[in-house]
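**Q** Data: run.cif, mmCIF, C-alpha atoms.
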data_model
loop_
_atom_site.label_atom_id
_atom_site.label_comp_id
_atom_site.auth_asym_id
_atom_site.auth_seq_id
_atom_site.Cartn_x
_atom_site.Cartn_y
_atom_site.Cartn_z
CA MET A 1 0.00 0.00 0.00
CA ASN A 2 1.19 3.48 -0.77
CA MET A 3 0.67 7.00 0.54
CA PRO A 4 -1.43 8.36 2.05
CA LEU A 5 -3.10 5.41 3.66
CA ASP A 6 -0.14 4.53 5.87
CA ASN A 7 -0.60 7.99 7.32
CA PHE A 8 -3.58 6.74 9.26
CA ALA A 9 -1.01 5.11 11.49
CA SER A 10 0.72 7.32 14.01
CA PRO A 11 3.98 6.98 15.92
CA SER A 12 1.93 7.47 19.07
CA ASP A 13 -0.21 4.39 18.34
CA PRO A 14 1.69 2.04 20.69
CA ALA A 15 1.08 4.40 23.61
CA THR A 16 -2.55 4.94 22.58
CA LEU A 17 -3.15 1.20 22.25
CA SER A 18 -1.54 0.51 25.59
CA ARG A 19 -3.87 3.06 27.20
CA LEU A 20 -6.90 1.63 25.37
CA ARG A 21 -6.02 -1.94 26.43
CA HIS A 22 -5.73 -0.83 30.03
CA ARG A 23 -9.14 0.84 29.75
CA LEU A 24 -10.58 -2.32 28.15
CA ALA A 25 -9.35 -4.47 31.04
CA LEU A 26 -11.09 -2.19 33.55
CA ALA A 27 -14.32 -2.09 31.52
CA ALA A 28 -14.29 -5.87 31.07
CA GLU A 29 -13.91 -6.35 34.82
CA VAL A 30 -16.84 -4.01 35.52
CA ALA A 31 -18.97 -5.76 32.88
CA GLY A 32 -18.22 -9.16 34.42
CA LEU A 33 -16.45 -10.35 31.25
CA LEU A 34 -12.96 -10.80 32.64
CA ASP A 35 -13.04 -14.57 33.10
CA VAL A 36 -9.24 -14.85 33.29
CA ALA A 37 -6.98 -11.94 34.22
CA TYR A 38 -3.23 -12.39 33.94
CA THR A 39 0.02 -10.58 34.33
CA THR A 40 3.71 -11.42 34.25
CA ILE A 41 6.25 -10.45 36.89
CA ASP A 42 9.99 -10.79 37.35
CA SER A 43 11.30 -12.85 40.23
CA PRO A 44 14.63 -14.28 41.43
CA VAL A 45 13.62 -17.58 39.79
CA GLY A 46 12.75 -15.98 36.45
CA GLY A 47 9.61 -14.53 34.90
CA LEU A 48 6.34 -15.75 36.38
CA LEU A 49 2.90 -15.70 34.82
CA LEU A 50 0.07 -15.16 37.30
CA ALA A 51 -3.56 -15.76 36.31
CA ALA A 52 -6.78 -15.43 38.30
CA THR A 53 -10.48 -16.05 37.78
CA PRO A 54 -13.07 -14.09 39.78
CA LYS A 55 -12.82 -16.96 42.32
CA GLY A 56 -9.11 -16.63 42.93
CA LEU A 57 -5.58 -17.35 41.75
CA VAL A 58 -5.81 -20.15 39.21
CA ARG A 59 -2.32 -20.45 37.71
CA VAL A 60 1.29 -19.63 38.50
CA ALA A 61 3.65 -20.59 35.67
CA TYR A 62 7.40 -20.56 35.28
CA GLU A 63 9.00 -19.31 32.09
CA ILE A 64 10.13 -22.82 31.13
CA GLU A 65 6.47 -23.82 30.94
CA ASP A 66 6.16 -21.37 27.97
CA HIS A 67 3.75 -18.59 28.92
CA ASP A 68 2.09 -18.51 25.49
CA ARG A 69 1.21 -22.17 25.79
CA VAL A 70 -0.02 -21.65 29.34
CA LEU A 71 -2.36 -18.90 28.09
CA ASP A 72 -3.58 -21.20 25.30
CA THR A 73 -4.41 -23.84 27.90
CA LEU A 74 -6.24 -21.35 30.12
CA SER A 75 -8.21 -20.20 27.08
CA GLN A 76 -9.20 -23.77 26.20
CA ARG A 77 -9.92 -25.08 29.66
CA LEU A 78 -11.39 -22.08 31.49
CA SER A 79 -12.56 -19.40 29.06
CA PRO A 80 -11.16 -17.60 26.01
CA ARG A 81 -12.02 -14.30 27.68
CA VAL A 82 -8.43 -13.82 28.79
CA LEU A 83 -6.88 -10.36 29.16
CA ARG A 84 -3.69 -8.96 30.59
CA ALA A 85 -5.15 -7.18 33.60
CA PRO A 86 -2.57 -6.83 36.37
CA ARG A 87 -4.89 -5.32 38.95
CA ARG A 88 -6.53 -8.61 39.92
CA LEU A 89 -3.04 -10.02 40.55
CA ASP A 90 -1.72 -7.10 42.62
CA ALA A 91 -2.13 -8.87 45.98
CA VAL A 92 -0.42 -12.11 44.98
CA ALA A 93 2.35 -10.24 43.16
CA ARG A 94 3.05 -8.29 46.34
CA GLU A 95 3.00 -11.45 48.46
CA LEU A 96 5.43 -13.20 46.11
CA GLU A 97 7.77 -10.25 46.30
CA GLU A 98 7.63 -10.46 50.10
CA TYR A 99 8.20 -14.22 49.94
CA PHE A 100 11.34 -13.82 47.82
CA SER A 101 12.68 -11.16 50.17
CA ARG A 102 11.99 -13.48 53.14
CA ARG A 103 9.34 -11.24 54.61
CA ARG A 104 6.46 -13.68 54.07
CA GLN A 105 5.99 -17.33 54.96
CA ILE A 106 2.28 -17.90 54.26
CA PHE A 107 0.30 -16.88 51.17
CA ASP A 108 -2.98 -15.27 51.95
CA VAL A 109 -4.93 -15.09 48.66
CA ALA A 110 -8.02 -16.94 47.45
CA LEU A 111 -7.22 -19.95 45.27
CA ASP A 112 -9.15 -21.47 42.39
CA LEU A 113 -8.12 -25.11 42.00
CA SER A 114 -10.42 -25.76 39.04
CA LEU A 115 -7.51 -26.71 36.75
CA SER A 116 -7.05 -29.92 38.70
CA SER A 117 -9.50 -32.51 39.93
CA GLY A 118 -9.87 -35.71 41.89
CA PHE A 119 -6.91 -37.07 43.81
CA ARG A 120 -4.52 -34.48 42.38
CA GLN A 121 -6.68 -31.66 43.65
CA LEU A 122 -6.97 -33.38 47.03
CA VAL A 123 -3.18 -33.50 47.30
CA GLN A 124 -2.86 -29.88 46.23
CA GLN A 125 -5.38 -28.85 48.85
CA HIS A 126 -3.25 -30.51 51.54
CA LEU A 127 0.16 -29.22 50.45
CA PRO A 128 -0.17 -25.84 52.24
CA GLN A 129 -0.18 -27.83 55.51
CA ILE A 130 3.55 -28.35 55.00
CA GLY A 131 4.86 -25.27 56.72
CA TYR A 132 7.48 -22.84 55.52
CA GLY A 133 11.02 -24.23 55.75
CA GLN A 134 9.75 -27.78 56.33
CA THR A 135 9.79 -30.72 53.94
CA ARG A 136 7.91 -34.00 53.53
CA THR A 137 8.54 -37.04 51.36
CA TYR A 138 6.11 -38.13 48.67
CA GLY A 139 5.24 -41.08 50.93
CA GLN A 140 4.48 -38.84 53.91
CA VAL A 141 2.17 -36.73 51.78
CA ALA A 142 0.41 -39.92 50.62
CA GLU A 143 -0.19 -40.73 54.28
CA LEU A 144 -1.29 -37.17 54.97
CA VAL A 145 -4.11 -37.47 52.43
CA GLY A 146 -5.07 -40.88 53.82
CA ASN A 147 -3.80 -43.02 50.95
CA PRO A 148 -0.33 -44.30 51.94
CA ASN A 149 0.07 -46.46 48.82
CA ALA A 150 -0.48 -43.58 46.42
CA VAL A 151 3.14 -42.40 46.41
CA ARG A 152 3.40 -42.19 42.62
CA ALA A 153 0.05 -40.44 42.37
CA VAL A 154 1.31 -37.86 44.87
CA GLY A 155 4.29 -37.40 42.56
CA SER A 156 1.95 -36.71 39.63
CA ALA A 157 -0.14 -34.34 41.74
CA CYS A 158 2.99 -32.34 42.58
CA ALA A 159 4.23 -32.40 38.98
CA THR A 160 0.90 -31.04 37.71
CA ASN A 161 0.38 -28.46 40.45
CA PRO A 162 -1.15 -25.44 38.66
CA LEU A 163 -0.09 -23.13 41.49
CA PRO A 164 3.60 -23.76 42.22
CA LEU A 165 5.20 -21.53 44.88
CA VAL A 166 1.81 -20.64 46.40
CA VAL A 167 0.83 -24.30 46.80
CA PRO A 168 4.24 -25.49 48.04
CA CYS A 169 4.95 -28.66 46.07
CA HIS A 170 8.63 -27.68 46.26
CA ARG A 171 8.56 -28.86 49.90
CA VAL A 172 7.94 -32.46 48.85
CA LEU A 173 11.11 -34.54 48.39
CA ARG A 174 12.13 -38.07 47.55
CA ALA A 175 12.47 -40.59 50.36
CA ASP A 176 16.28 -40.48 50.02
CA GLY A 177 16.24 -36.74 50.67
CA THR A 178 17.10 -35.68 47.10
CA PRO A 179 14.83 -32.97 45.74
CA GLY A 180 13.17 -34.91 42.92
CA GLY A 181 11.52 -33.25 39.96
CA TYR A 182 9.95 -29.81 39.88
CA VAL A 183 7.77 -27.94 37.41
CA GLY A 184 10.21 -25.00 37.53
CA GLY A 185 13.24 -27.27 37.13
CA PRO A 186 15.29 -28.99 39.88
CA ARG A 187 17.59 -25.99 40.33
CA VAL A 188 14.67 -23.72 41.22
CA LYS A 189 13.44 -26.30 43.70
CA ARG A 190 16.82 -26.26 45.46
CA GLU A 191 16.85 -22.45 45.43
CA LEU A 192 13.42 -22.27 47.09
CA LEU A 193 14.41 -24.84 49.71
CA SER A 194 17.57 -22.97 50.59
CA LEU A 195 15.73 -19.63 50.62
CA GLU A 196 13.27 -21.03 53.17
CA ALA A 197 15.98 -22.84 55.17
CA ALA A 198 17.97 -19.62 55.50
CA ALA A 199 14.98 -17.66 56.76
CA ALA A 200 13.27 -20.27 58.92
CA MET B 1 -12.77 -25.68 14.02
CA GLY B 2 -9.46 -24.09 14.96
CA MET B 3 -8.15 -23.39 18.42
CA LYS B 4 -9.75 -20.52 20.30
CA GLN B 5 -6.95 -18.10 21.10
CA PRO B 6 -6.89 -16.09 24.31
CA PHE B 7 -8.78 -12.85 23.61
CA ASP B 8 -5.72 -10.86 24.66
CA ARG B 9 -3.96 -12.13 21.54
CA ILE B 10 -6.86 -10.94 19.35
CA VAL B 11 -6.45 -7.45 20.85
CA GLU B 12 -2.69 -7.63 20.32
CA GLN B 13 -2.98 -8.71 16.69
CA HIS B 14 -5.84 -6.50 15.53
CA GLY B 15 -5.99 -3.56 17.96
CA GLY B 16 -3.89 -1.30 15.73
CA THR B 17 -5.86 -2.01 12.57
CA VAL B 18 -9.19 -1.44 14.31
CA LEU B 19 -7.92 1.86 15.69
CA ARG B 20 -6.93 3.06 12.20
CA VAL B 21 -10.24 1.90 10.74
CA CYS B 22 -12.15 3.78 13.44
CA ARG B 23 -10.05 6.87 12.76
CA VAL B 24 -10.81 6.84 9.04
CA VAL B 25 -14.52 6.19 9.50
CA LEU B 26 -15.11 8.54 12.43
CA GLY B 27 -12.17 10.89 12.65
CA VAL B 28 -9.58 10.99 15.37
CA HIS B 29 -11.90 12.51 17.94
CA ASP B 30 -14.33 9.58 18.27
CA ALA B 31 -12.03 6.76 17.23
CA GLU B 32 -10.90 5.79 20.73
CA ASP B 33 -14.43 5.46 22.11
CA ALA B 34 -15.44 3.38 19.10
CA TRP B 35 -12.37 1.17 19.64
CA SER B 36 -13.29 0.60 23.29
CA GLU B 37 -16.93 -0.19 22.47
CA THR B 38 -15.83 -2.53 19.70
CA PHE B 39 -13.47 -4.61 21.80
CA LEU B 40 -15.81 -4.79 24.79
CA ALA B 41 -18.63 -6.05 22.55
CA ALA B 42 -16.20 -8.43 20.83
CA MET B 43 -15.04 -9.83 24.17
CA ARG B 44 -18.66 -10.47 25.14
CA ALA B 45 -19.36 -12.38 21.93
CA TYR B 46 -15.94 -14.02 21.57
CA PRO B 47 -16.76 -17.44 23.10
CA ASP B 48 -19.36 -17.95 20.34
CA LEU B 49 -17.05 -16.99 17.47
CA PRO B 50 -16.05 -20.11 15.49
CA GLY B 51 -12.37 -20.86 15.97
CA ASP B 52 -11.66 -20.69 12.24
CA ALA B 53 -13.47 -17.37 11.66
CA ASN B 54 -11.64 -14.38 10.19
CA ALA B 55 -11.18 -12.38 13.39
CA GLU B 56 -10.26 -9.16 11.62
CA ALA B 57 -13.35 -9.14 9.40
CA TRP B 58 -15.44 -9.94 12.47
CA LEU B 59 -13.91 -7.04 14.43
CA VAL B 60 -14.33 -4.61 11.53
CA THR B 61 -18.00 -5.64 11.30
CA ILE B 62 -18.46 -4.83 14.98
CA ALA B 63 -16.51 -1.58 14.60
CA HIS B 64 -18.75 -0.64 11.65
CA ARG B 65 -21.86 -0.99 13.83
CA LYS B 66 -20.32 0.92 16.71
CA ALA B 67 -19.27 3.68 14.31
CA ILE B 68 -22.83 3.94 12.97
CA ASP B 69 -24.02 4.39 16.56
CA VAL B 70 -21.55 7.22 17.02
CA LEU B 71 -22.49 8.83 13.69
CA ARG B 72 -26.17 8.68 14.60
CA ALA B 73 -25.50 10.08 18.03
CA ARG B 74 -23.85 13.13 16.60
CA GLY B 75 -26.45 13.63 13.87
CA ARG B 76 -24.23 12.82 10.91
CA GLN B 77 -22.08 15.87 11.19
CA PRO B 78 -18.99 15.77 9.07
CA VAL B 79 -15.93 14.14 10.56
CA PRO B 80 -14.16 16.69 12.73
CA VAL B 81 -10.70 17.55 11.51
CA GLY B 82 -9.56 19.32 14.65
CA ASP B 83 -7.64 16.61 16.47
CA VAL B 84 -4.96 15.17 14.26
CA PRO B 85 -2.75 12.52 15.83
CA GLU B 86 0.45 14.08 17.11
CA SER B 87 3.21 13.89 14.51
CA ALA B 88 0.79 11.99 12.37
CA SER B 89 2.93 10.52 9.65
CA ALA B 90 4.59 7.16 10.00
CA LEU B 91 6.52 7.96 6.85
CA GLY B 92 8.26 11.04 8.08
CA VAL B 93 5.97 13.42 6.22
CA PRO B 94 5.17 15.83 9.00
CA GLY B 95 2.69 18.52 9.62
CA ALA B 96 0.29 20.25 7.30
CA GLY B 97 0.04 17.52 4.72
CA ASP B 98 -1.63 15.26 7.24
CA GLN B 99 -4.09 17.92 8.21
CA ASP B 100 -5.03 18.04 4.52
CA LEU B 101 -5.37 14.28 4.46
CA TRP B 102 -7.77 14.23 7.39
CA ARG B 103 -9.76 17.05 5.85
CA ALA B 104 -9.96 15.10 2.58
CA VAL B 105 -11.01 11.91 4.36
CA GLY B 106 -13.59 13.80 6.40
CA ALA B 107 -15.08 15.25 3.22
CA LEU B 108 -15.71 11.84 1.64
CA PRO B 109 -19.27 10.53 1.51
CA GLU B 110 -19.83 8.04 4.32
CA LYS B 111 -19.95 4.91 2.17
CA GLN B 112 -16.75 5.81 0.33
CA ARG B 113 -14.98 6.48 3.60
CA GLN B 114 -16.12 3.13 4.96
CA ALA B 115 -15.10 1.26 1.81
CA VAL B 116 -11.67 2.91 1.83
CA ALA B 117 -11.21 2.06 5.53
CA TYR B 118 -12.30 -1.55 5.24
CA HIS B 119 -10.40 -2.28 2.05
CA TYR B 120 -7.26 -0.16 2.18
CA VAL B 121 -6.74 0.02 5.95
CA ALA B 122 -8.17 -3.32 7.15
CA GLY B 123 -7.35 -5.20 3.95
CA LEU B 124 -10.76 -6.87 3.66
CA ALA B 125 -11.89 -8.34 0.33
CA TYR B 126 -14.72 -6.55 -1.47
CA ALA B 127 -17.03 -9.52 -0.90
CA GLU B 128 -16.46 -9.18 2.86
CA ILE B 129 -17.05 -5.42 2.65
CA ALA B 130 -20.29 -6.04 0.78
CA GLY B 131 -21.34 -8.24 3.69
CA ILE B 132 -20.77 -5.32 6.05
CA LEU B 133 -22.14 -2.45 3.95
CA GLY B 134 -24.87 -4.36 2.15
CA GLY B 135 -25.00 -4.34 -1.65
CA THR B 136 -22.71 -6.17 -3.99
CA ALA B 137 -18.96 -6.68 -4.07
CA ASP B 138 -18.89 -4.57 -7.23
CA ALA B 139 -20.63 -1.73 -5.45
CA ALA B 140 -18.08 -1.97 -2.62
CA ARG B 141 -15.25 -1.92 -5.17
CA ARG B 142 -16.73 1.18 -6.85
CA ALA B 143 -17.18 2.97 -3.53
CA ALA B 144 -13.55 2.32 -2.59
CA ALA B 145 -12.32 3.41 -6.04
CA ASP B 146 -14.44 6.56 -5.94
CA GLY B 147 -13.16 7.25 -2.45
CA ILE B 148 -9.53 6.97 -3.53
CA ARG B 149 -10.19 9.15 -6.59
CA ASN B 150 -11.78 11.81 -4.40
CA LEU B 151 -8.90 11.62 -1.94
CA ARG B 152 -6.42 12.13 -4.76
CA LYS B 153 -8.35 15.14 -5.97
CA HIS B 154 -8.28 16.84 -2.59
CA TYR B 155 -5.03 15.46 -1.25
CA PRO B 156 -2.32 15.50 -3.90
CA GLY B 157 -0.11 13.09 -1.97
CA ALA B 158 -2.66 10.36 -2.37
CA ALA B 159 -1.69 7.48 -4.58
CA ALA B 160 -3.11 4.04 -4.14
CA GLU B 161 -1.03 1.94 -6.47
CA GLY B 162 -0.06 -1.36 -5.03
CA ALA B 163 -3.14 -1.50 -2.85
CA PRO B 164 -4.55 -4.96 -2.23
CA SER B 165 -7.18 -5.96 -4.74
#
Could you show the structure in this file as structure tokens?
**A**
Amino acid sequence: MNMPLDNFASPSDPATLSRLRHRLALAAEVAGLLDVAYTTIDSPVGGLLLAATPKGLVRVAYEIEDHDRVLDTLSQRLSPRVLRAPRRLDAVARELEEYFSRRRQIFDVALDLSLSSGFRQLVQQHLPQIGYGQTRTYGQVAELVGNPNAVRAVGSACATNPLPLVVPCHRVLRADGTPGGYVGGPRVKRELLSLEAAAA
Amino acid sequence: MGMKQPFDRIVEQHGGTVLRVCRVVLGVHDAEDAWSETFLAAMRAYPDLPGDANAEAWLVTIAHRKAIDVLRARGRQPVPVGDVPESASALGVPGAGDQDLWRAVGALPEKQRQAVAYHYVAGLAYAEIAGILGGTADAARRAAADGIRNLRKHYPGAAAEGAPS
């Protein structure tokens, strides 16, 4: 396309669009259309995606999980009405910042566990009982949820935890004391354990 | 049926085009309100949009309706020329020329302005534009061609070679 039609674009468009998208997020919230609000934040363990439904925090995702794919999954499984709308995530973002600077040991935000179900969700509901700076083995967690033989299933429940960090699956270790797998990678798991050990 | 993308990605991909379309159809002054109304209505309807639909044509259709609401609300006054986007040209052609362009666009008959916006700014095919404006694809093609001819007459910088057909 030639002149003059490109002139309908303006160098100030990126700023205008950013303002309009912010306004859209607020209007969508007021209209009850914001089914999934998300934002991304920096942290000592890399970029984190935070997403919440009106019920509560529904997803925390590490960069290695690929944030675009995480958003695709939220769109498919919850609702395609997904917008970047940081305001709904302000509280959890602040609490995470406090956690990483060792000023917070317990997360105090509403959770929406609707991305998991059945036994996995049961395990995830129990994980916050493992206190800050403590650890349990997969077998101990299986006992905790009243199903001592379900050690492998506890492993799957931890591996598919939609809310890592806030639901502390990083505090669950192998019976031999080695960290075991982690959705954010084994190095991040060790970092979180040593962060909590240093502060506890 | 294709995968339903997060709505945020629809805004990311098409927000700029819809803004320019609204500007051409309504003028700079009302374009932002029309953009906001368009995307809020689109977000409401989005879960029902088939996954393989042409999202841009769908958004332009919604924007067209929202723009008609705005035009009706202000009693079909001509497009105001007053507010031109700051340093309007993306091509380094500053200042007065753009003022002339907006004046020329504002002076176009409504249907020509719409056809120019939907074809040359949004890149829609004439058959799709006919679906939005009513009438035939040929009529849409004529309206866009007349619009470009009128623009050239009143805005000497206007040349539409190489435009999508």
**Q** Please write the residues picked by the PyMOL selection byres ((chain A) within 10 of (chain B)) on this file as a PyMOL selection string.
**A** chain A and resi 1-14+16-21+23-25+27-28+31-34+36-38+68+71-76+79-85
**Q** For Ile106 (chain A), which residue among A:Gly155, A:Tyr132, A:Gly146, A:Arg94 is the nearest when counting only C-alpha atoms?
**A**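 Of all the options, A:Tyr132 lies closest to Ile106 (chain A).
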**Q** Identify, on the basis of all atoms listed in the file, every residue whose closest approach to Ser156 (chain A) does not exceed 12 Å; exclude the query and any residue fewer than 5 positions from it along the same chain; express the result as a list in words.
**A**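 Here the answer would be Ser116, Phe119, Arg120, Gln121, Val123, Gln124, Tyr138, Ala142, Ala150, Val151, Asn161, Pro162, Cys169, Val172, Gly180, Gly181, Tyr182 and Val183 of chain A.
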**Q** Just to confirm, what's the straight-line distance from CA of Val70 (chain A) to CA of Arg104 (chain A) in Å (one decimal)?
**A** 26.8 Å
**Q** In Å, how far is it from CA of His67 (chain A) to CA of Leu111 (chain A)?
**A**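 Those two atoms sit 19.7 Å apart.
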**Q** Would you mind reading off the distance between CA of Ala34 (chain B) and CA of Ala15 (chain A), one decimal, in Å?
**A**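 That distance, rounded to one decimal, is 17.2 Å.
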